[in-house]
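Take a look at the structure below.
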There are 2 protein chains.
Amino acid sequence: MAEKITKRGDDYSKWYLDIVNQAGLAENSAVRGCMVIKPHGYAIWEKMQRALDRMFKDTGHVNAYFPLFIPKSYLEKEAEHVEGFAKECAVVTHHRLVAKSDGTGLMPDPASKLGDEEMLVIRPTSETIIWNTYKDWIQSYRDLPILINQWANVVRWEMRTRLFLRTAEFLWQEGHTAHATAKEAEEEAHRMLEVYRTFAEEWMAMPVLTGPKSDGQKFPGAIYTLCIEAMMQDRKALQAGTSHFLGQNFAKAFGVQFTNPQSQLEYAWATSWGVSTRLIGGLIMTHSDDQGLVLPPRLAPIHVAIVPIYRKPEEKAAVLEAAQKLAANLRGLPADPWFSYDPIQVKVDDRDQYQPGFKFTEWEVKGVPIRVELGPKDIAQNACVLARRDLPGKEAKEMGVPLDKAPERIVTLLKEMQQKLFEKAKAWRDASIHEVDSYDDFKKKIEEPGGFFLAHWDGTQATEDKIAAETKATIRCIPNQFEKKPGKCMVTGEPSPGRVVFAKAY
Amino acid sequence: MAEKITKRGDDYSKWYLDIVNQAGLAENSAVRGCMVIKPHGYAIWEKMQRALDRMFKDTGHVNAYFPLFIPKSYLEKEAEHVEGFAKECAVVTHHRLVAKSDGTGLMPDPASKLGDEEMLVIRPTSETIIWNTYKDWIQSYRDLPILINQWANVVRWEMRTRLFLRTAEFLWQEGHTAHATAKEAEEEAHRMLEVYRTFAEEWMAMPVLTGPKSDGQKFPGAIYTLCIEAMMQDRKALQAGTSHFLGQNFAKAFGVQFTNPQSQLEYAWATSWGVSTRLIGGLIMTHSDDQGLVLPPRLAPIHVAIVPIYRKPEEKAAVLEAAQKLAANLRGLPADPWFSYDPIQVKVDDRDQYQPGFKFTEWEVKGVPIRVELGPKDIAQNACVLARRDLPGKEAKEMGVPLDKAPERIVTLLKEMQQKLFEKAKAWRDASIHEVDSYDDFKKKIEEPGGFFLAHWDGTQATEDKIAAETKATIRCIPNQFEKKPGKCMVTGEPSPGRVVFAKAY
């Protein structure tokens, strides 16, 4: 604790890692590219899971669990899919270790080698194993739709990793649905995109653009991919969630046919959709400041840290008693869907070995939305001081808040903070969305000031590739948020049906 | 649905698989030894997780997440540990697939082969990767205790698998704690055993014996292992949870030292403890009957199935309206810790294509605790029929329950059922615990009638091995539940400090 956090303006990338480290969110493990998600980081993930899981269930989904392992032979069945994932697969080739003959340790037992047909990869995503299972579950249109979600770990062997944003192993949820008609499947893909948008904006307080990806950026094996795209404080884009319409590709690869009401055999229609621990990276980079993590209250694992202030032993008892009483009153507030029906989480920081100033800094770094200061003078007036995390210095403080009114006031402040964080992030993002019509102009502005650029594009892969090669910017999505007016591609001058969003991305 | 379930008396093992299959709990996947946990089975796991997670947090633990992969070199560091797990490790040797030169598919890319030091196994348990991490977290006694739990998947390559009871991949939680003193660590190991006992008995309604394992049965790398042992309906034992005192073994293997208050360096003390999806197997085999699954209400994903009964269209509207109203009243009951603060889960079975009798059978097979029957005659009297799952035929039914009193009555019945299921299971178990003094007698009775046998044992591995080889029975635990009186080993006649529990086990 109490190490200096690099300022965003000095080194954005180091600032991010400082926050992850000093807020106790995650660290690199001894295994290349794999992270340890530390308790405070995991607690944020639990809050995200809780809220998302409820939204999935409210839209009719149920959870299930499919194997970690995928037979190599399954991956081979959908051509685009395998093309997309083969290069980053962890491959299991043996199922036993034995002592080396020279006694220097263990080696894979040659007698346990898996044959070509048995060989396994760790799931990079589960379409293949799940659609192989659905084959046995789907015979008739009466078996449809199947609306299943899975919370799981997946592995994509990335060469360049960054905590939360890109790791070899990550945690996610993956929805896999099967439908009787293309229309129903497409509606599902759009419904889940809307769930993701709602979660990003109403829980993470992170504004997002929504829309389809260009063909060059879609999921391997999808007909099209819808996404939510957020803007980080360095004006780079973060793809925060995707929802895919898979057509009949996986049904055909795995022979999943059903009898329709007219007694004809048809292939089933599919979607898949996912968000991952990457969201935690997005959360950090949307709200945090040079003092540390800033968390939207709805996803804060601790909402309120009460710091008792005392010098003399006789002060300590009275101050701690008042602190515990306030904590109990906060925890006893009625269940509120706004908090996912969880009680408000309160920490009474009664550690004797640290001074209040040290504690203030620690809770600030960890992003606790409300700090309560409670000293002998405060309790003499039956009052306390509230400090909110999202405002600077004195502006953050409310003095003399009556203790009996404090729980209600704290809830009001938490809800206000949630709203303000969203508005602030949205204002920041909106100020960095620019229309651009000339490629020269684009090339300049993508470097400085950066941001999201609405530009016309001729729809070809060649042009998209050229822009990416020359500027490192990619098409983030064909946005739903702006009116579509035809124009001319900024690079080739060919016709364009409407502007798309270009940005550099994580 | 509506296939016949094999009777327990005819073929117990087939009965078990019929229940797992027909209640929609799980199925074998295409990957050897790995199961697909189907929605109804996974929903039971979610209920278990919810209750356990709260108990872990109430005892001061936090969740975190450590990598799926463990470097082979870590596993080698604790001699007993590697001896215990090397034979069942899935080994990752490559991180990329490439096309074979003959175009027949993919193979591990030789250029992506991991060197001896980089080679990875899928975690069979996480002591090694976690203690390697703790090395950096623990410097001073002030950093202790560390009380962390992880919810994760693990892989142990089992040759003979059975759904839930023994699978190559399974889901579990693993607690890993670090302490400054042996005493604190031992207290923790016993505390978590008590959490498991409480969960087994108060949530699963499954009575358990508790106590240490014999040295021959302890966890590889532990000083001692405590366990909860349940008896299934075929009178075989199921090890349902273990809590290990690991001493300083892992601290020494990974060099985890801290400065104590006297400024001396010491190795940290460790515990680990876990329960897994195996519990679902135990739950099934404790309560279910020849009609299907029976679930203790506190772990039932659906508490109440309301089956509307009607013939004519004008009946349908009125009956469905009453059903929905009752469902809303049930869901609106105040939050109750008994239900893990979750609302009561109610299903209104309004499927038109099935007859009520078919629906009754389906909910019975799935183990829903309360069925509500609601027909035109019932609503004419503002009443309904309640049927509880744990009683046979007419005994199960309460006729003419007033609709406005039904929610309260249902809650009462659910709580009563929970209690009755525990009592019934306990009576069954207690009737199958026998003292035995002669080895000949033991050899007969372990075959018929079977059960738990309290017998004297001389404390040697040789005797334990002999008994296992000759009878397939093992020492389940040195039970806390019975008074310890010295005696003589039933096999060798050597002195014994007290009886231990022998049984055949899953």
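By convention here, the chains of the structure tokens are called A, B, ... in the order presented, each chain's residues are numbered starting at 1, and ligands are numbered starting at 1 in the order presented.
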Residues near range 321-324 of chain B, anyone? I mean within 7 Å using only C-alpha atoms, not counting same-chain ones fewer than 4 positions away, as a short mmCIF file (atom, residue, chain, number, x, y, z; two decimals) with C-alpha atoms, in the first residue's frame.
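Result went into out-v6.cif, see below:
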```
data_model
loop_
_atom_site.label_atom_id
_atom_site.label_comp_id
_atom_site.auth_asym_id
_atom_site.auth_seq_id
_atom_site.Cartn_x
_atom_site.Cartn_y
_atom_site.Cartn_z
CA ILE B 306 -48.46 -25.86 -9.84
CA PRO B 308 -53.55 -26.49 -13.55
CA ALA B 317 -58.60 -19.09 -18.08
CA ALA B 328 -47.10 -14.60 -7.27
CA VAL B 348 -46.71 -22.93 -13.23
#
```
Shell of 9 Å around Asn132 in chain A, only C-alpha atoms, local chain residues under 2 positions omitted, as a PyMOL selection string: (chain A and resi 74+127-130+134-136+250-251+253-256) or (chain B and resi 30)
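Minimum distance to chain A across B:Asp404, B:Glu398, B:Glu118, B:Glu187 (counting only C-alpha atoms) occurs at B:Glu118.
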Test item, helix (DSSP H, G or I) assignment across range 176-387 of chain B, answer as a ChimeraX atom specification: /B:182-203,215-217,249-254,278-287,297-299,313-331,337-339,356-365,376-380
Strand (DSSP E) residues, from DSSP on the backbone, in range 296-486 of chain B, as a ChimeraX atom specification: /B:304-308,346-348,370-374,383-388,397-402,433-435,452-455,474-477
Residue selection dump (C-alpha atoms) as a PDB file, in the first residue's frame:
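Done, and the output landed in out20.pdb:
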```pdb
ATOM      1  CA  VAL B 304     -43.411 -25.845  -5.980  1.00  0.00           C
ATOM      2  CA  ALA B 305     -44.917 -27.047  -9.267  1.00  0.00           C
ATOM      3  CA  ILE B 306     -48.455 -25.861  -9.838  1.00  0.00           C
ATOM      4  CA  VAL B 307     -50.346 -28.072 -12.262  1.00  0.00           C
ATOM      5  CA  PRO B 308     -53.547 -26.488 -13.551  1.00  0.00           C
ATOM      6  CA  VAL B 346     -42.469 -21.767  -8.375  1.00  0.00           C
ATOM      7  CA  LYS B 347     -43.236 -23.304 -11.730  1.00  0.00           C
ATOM      8  CA  VAL B 348     -46.712 -22.932 -13.229  1.00  0.00           C
ATOM      9  CA  ILE B 370     -44.536 -29.741  -3.403  1.00  0.00           C
ATOM     10  CA  ARG B 371     -47.027 -30.230  -6.213  1.00  0.00           C
ATOM     11  CA  VAL B 372     -50.145 -28.083  -6.264  1.00  0.00           C
ATOM     12  CA  GLU B 373     -53.162 -29.407  -8.137  1.00  0.00           C
ATOM     13  CA  LEU B 374     -55.672 -26.791  -9.134  1.00  0.00           C
ATOM     14  CA  ALA B 383     -58.899 -24.065  -2.476  1.00  0.00           C
ATOM     15  CA  CYS B 384     -56.218 -26.336  -3.887  1.00  0.00           C
ATOM     16  CA  VAL B 385     -54.666 -29.753  -3.345  1.00  0.00           C
ATOM     17  CA  LEU B 386     -51.106 -30.034  -2.038  1.00  0.00           C
ATOM     18  CA  ALA B 387     -49.024 -33.162  -2.576  1.00  0.00           C
ATOM     19  CA  ARG B 388     -45.643 -33.618  -0.954  1.00  0.00           C
ATOM     20  CA  LYS B 397     -52.076 -35.276  -0.255  1.00  0.00           C
ATOM     21  CA  GLU B 398     -53.796 -32.450   1.542  1.00  0.00           C
ATOM     22  CA  MET B 399     -57.164 -31.663   0.001  1.00  0.00           C
ATOM     23  CA  GLY B 400     -59.101 -28.418   0.181  1.00  0.00           C
ATOM     24  CA  VAL B 401     -56.294 -26.159   1.336  1.00  0.00           C
ATOM     25  CA  PRO B 402     -57.659 -22.585   1.142  1.00  0.00           C
ATOM     26  CA  ILE B 433     -24.101 -49.161  12.095  1.00  0.00           C
ATOM     27  CA  HIS B 434     -22.894 -52.279  13.873  1.00  0.00           C
ATOM     28  CA  GLU B 435     -20.217 -53.094  16.361  1.00  0.00           C
ATOM     29  CA  PHE B 452     -20.795 -49.170   8.797  1.00  0.00           C
ATOM     30  CA  PHE B 453     -18.860 -51.483  11.114  1.00  0.00           C
ATOM     31  CA  LEU B 454     -17.304 -50.204  14.294  1.00  0.00           C
ATOM     32  CA  ALA B 455     -14.330 -52.436  14.898  1.00  0.00           C
ATOM     33  CA  THR B 474     -11.695 -49.511   4.049  1.00  0.00           C
ATOM     34  CA  ILE B 475     -11.422 -47.399   7.145  1.00  0.00           C
ATOM     35  CA  ARG B 476     -13.785 -44.496   6.566  1.00  0.00           C
ATOM     36  CA  CYS B 477     -12.789 -42.514   9.632  1.00  0.00           C
TER      37      CYS B 477
END
```
Tell me the residues of chain A close to chain B, meaning within 6 Å using only C-alpha atoms, as a compact mmCIF listing (two decimals) with N, CA, C and O atoms, in the first residue's frame.
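Heads up, here's the output in iface_24.txt:
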```
# COMPACT_ATOMS: atom_id res chain seq x y z
N VAL A 36 -3.53 -14.52 -11.55
CA VAL A 36 -4.21 -14.82 -10.30
C VAL A 36 -5.20 -13.68 -10.07
O VAL A 36 -4.79 -12.51 -10.05
N ILE A 37 -6.47 -14.01 -9.95
CA ILE A 37 -7.45 -12.97 -9.63
C ILE A 37 -7.53 -12.89 -8.11
O ILE A 37 -7.94 -13.85 -7.45
N LYS A 38 -7.09 -11.79 -7.56
CA LYS A 38 -7.00 -11.65 -6.11
C LYS A 38 -8.39 -11.34 -5.51
O LYS A 38 -9.33 -11.02 -6.25
N PRO A 39 -8.52 -11.47 -4.19
CA PRO A 39 -9.86 -11.37 -3.60
C PRO A 39 -10.67 -10.13 -4.00
O PRO A 39 -11.86 -10.26 -4.34
N TYR A 42 -11.71 -10.57 -7.58
CA TYR A 42 -12.69 -11.64 -7.74
C TYR A 42 -14.05 -11.22 -7.20
O TYR A 42 -15.10 -11.61 -7.74
N ASN A 63 -28.62 -22.33 -16.55
CA ASN A 63 -27.19 -22.65 -16.58
C ASN A 63 -26.97 -24.15 -16.69
O ASN A 63 -27.78 -24.94 -16.23
N ALA A 64 -25.85 -24.50 -17.28
CA ALA A 64 -25.43 -25.91 -17.35
C ALA A 64 -23.91 -25.90 -17.42
O ALA A 64 -23.29 -24.82 -17.39
N TYR A 65 -23.32 -27.10 -17.49
CA TYR A 65 -21.86 -27.15 -17.55
C TYR A 65 -21.41 -28.25 -18.50
O TYR A 65 -21.82 -29.40 -18.38
N PHE A 66 -20.53 -27.87 -19.42
CA PHE A 66 -20.00 -28.79 -20.43
C PHE A 66 -18.49 -28.98 -20.20
O PHE A 66 -17.85 -28.15 -19.57
N ALA A 86 -7.24 -22.62 -33.92
CA ALA A 86 -6.18 -23.64 -33.87
C ALA A 86 -4.85 -23.07 -33.39
O ALA A 86 -4.09 -23.72 -32.69
N LYS A 87 -4.59 -21.82 -33.76
CA LYS A 87 -3.28 -21.23 -33.48
C LYS A 87 -3.07 -20.91 -32.00
O LYS A 87 -1.97 -20.58 -31.59
N GLU A 88 -4.12 -20.98 -31.20
CA GLU A 88 -3.94 -20.63 -29.78
C GLU A 88 -4.53 -21.67 -28.83
O GLU A 88 -5.03 -21.35 -27.78
N CYS A 89 -4.43 -22.94 -29.23
CA CYS A 89 -5.01 -24.02 -28.43
C CYS A 89 -3.98 -24.70 -27.53
O CYS A 89 -2.93 -25.14 -28.01
N ALA A 90 -4.31 -24.84 -26.26
CA ALA A 90 -3.50 -25.69 -25.38
C ALA A 90 -3.90 -27.13 -25.66
O ALA A 90 -5.08 -27.48 -25.59
N VAL A 91 -2.92 -27.99 -25.95
CA VAL A 91 -3.21 -29.36 -26.38
C VAL A 91 -2.81 -30.35 -25.29
O VAL A 91 -1.67 -30.34 -24.82
N VAL A 92 -3.77 -31.20 -24.91
CA VAL A 92 -3.49 -32.27 -23.95
C VAL A 92 -3.17 -33.53 -24.73
O VAL A 92 -3.98 -34.00 -25.53
N HIS A 94 -1.19 -36.31 -23.13
CA HIS A 94 -0.92 -37.46 -22.24
C HIS A 94 -1.80 -37.35 -21.01
O HIS A 94 -2.20 -36.26 -20.62
N HIS A 95 -2.05 -38.51 -20.35
CA HIS A 95 -2.89 -38.44 -19.16
C HIS A 95 -2.20 -38.98 -17.91
O HIS A 95 -2.85 -39.33 -16.93
N ARG A 96 -0.87 -39.00 -17.94
CA ARG A 96 -0.16 -39.51 -16.77
C ARG A 96 1.28 -39.01 -16.81
O ARG A 96 1.85 -38.83 -17.89
N LEU A 97 1.84 -38.76 -15.62
CA LEU A 97 3.27 -38.45 -15.52
C LEU A 97 3.98 -39.65 -14.91
O LEU A 97 3.41 -40.34 -14.06
```
Among listed residues B:Glu3, B:Asp53, B:Asp390, B:Glu184, nearest Ser340 in chain B (using only C-alpha atoms):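 Closest residue, counting only C-alpha atoms: B:Asp53.
Atom pair CA of Glu186 in chain A / CA of Gly241 in chain A: separated by 16.6 Å.
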Contacts of range 13-23 of chain A within 6 Å, only C-alpha atoms, excl. fewer than 6 positions in-chain, as a VMD selection string: chain A and resid 5 to 7 292 365 to 366
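For the atom pair formed by CA of His81 in chain A and CA of Gly221 in chain A, the distance is 4.8 Å, given to one decimal.
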Exercise: Glu483 in chain B partners within 12 Å, only C-alpha atoms, chain neighbours under 5 positions left out, as a list in words: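 So the residues in contact are Leu454, Ile478, Pro497, Gly498, Arg499 and Val500 of chain B.
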Shell around Val368 in chain B at 6 Å using only C-alpha atoms, local window under 5 positions removed, as a ChimeraX atom specification: /B:302-303,363
Long-range neighbours of range 209-215 of chain A as an MDAnalysis selection string, 6 Å cut-off, only C-alpha atoms, 3 positions minimum in chain: chainID A and resid 218 225:229 477:480
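Interatomic distance, CA of Gly9 in chain A against CA of Pro449 in chain A: 13.3 Å.
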Polymer residues at most 9 Å from Ile223 in chain A, only C-alpha atoms, same-chain spacing of 5 or more positions, as a PyMOL selection string: chain A and resi 215+218+244-249
Residue with smallest distance to Asp458 in chain B - pool B:Gln257, B:Thr59, B:Ser496, B:Ser432, counting only C-alpha atoms: B:Ser496
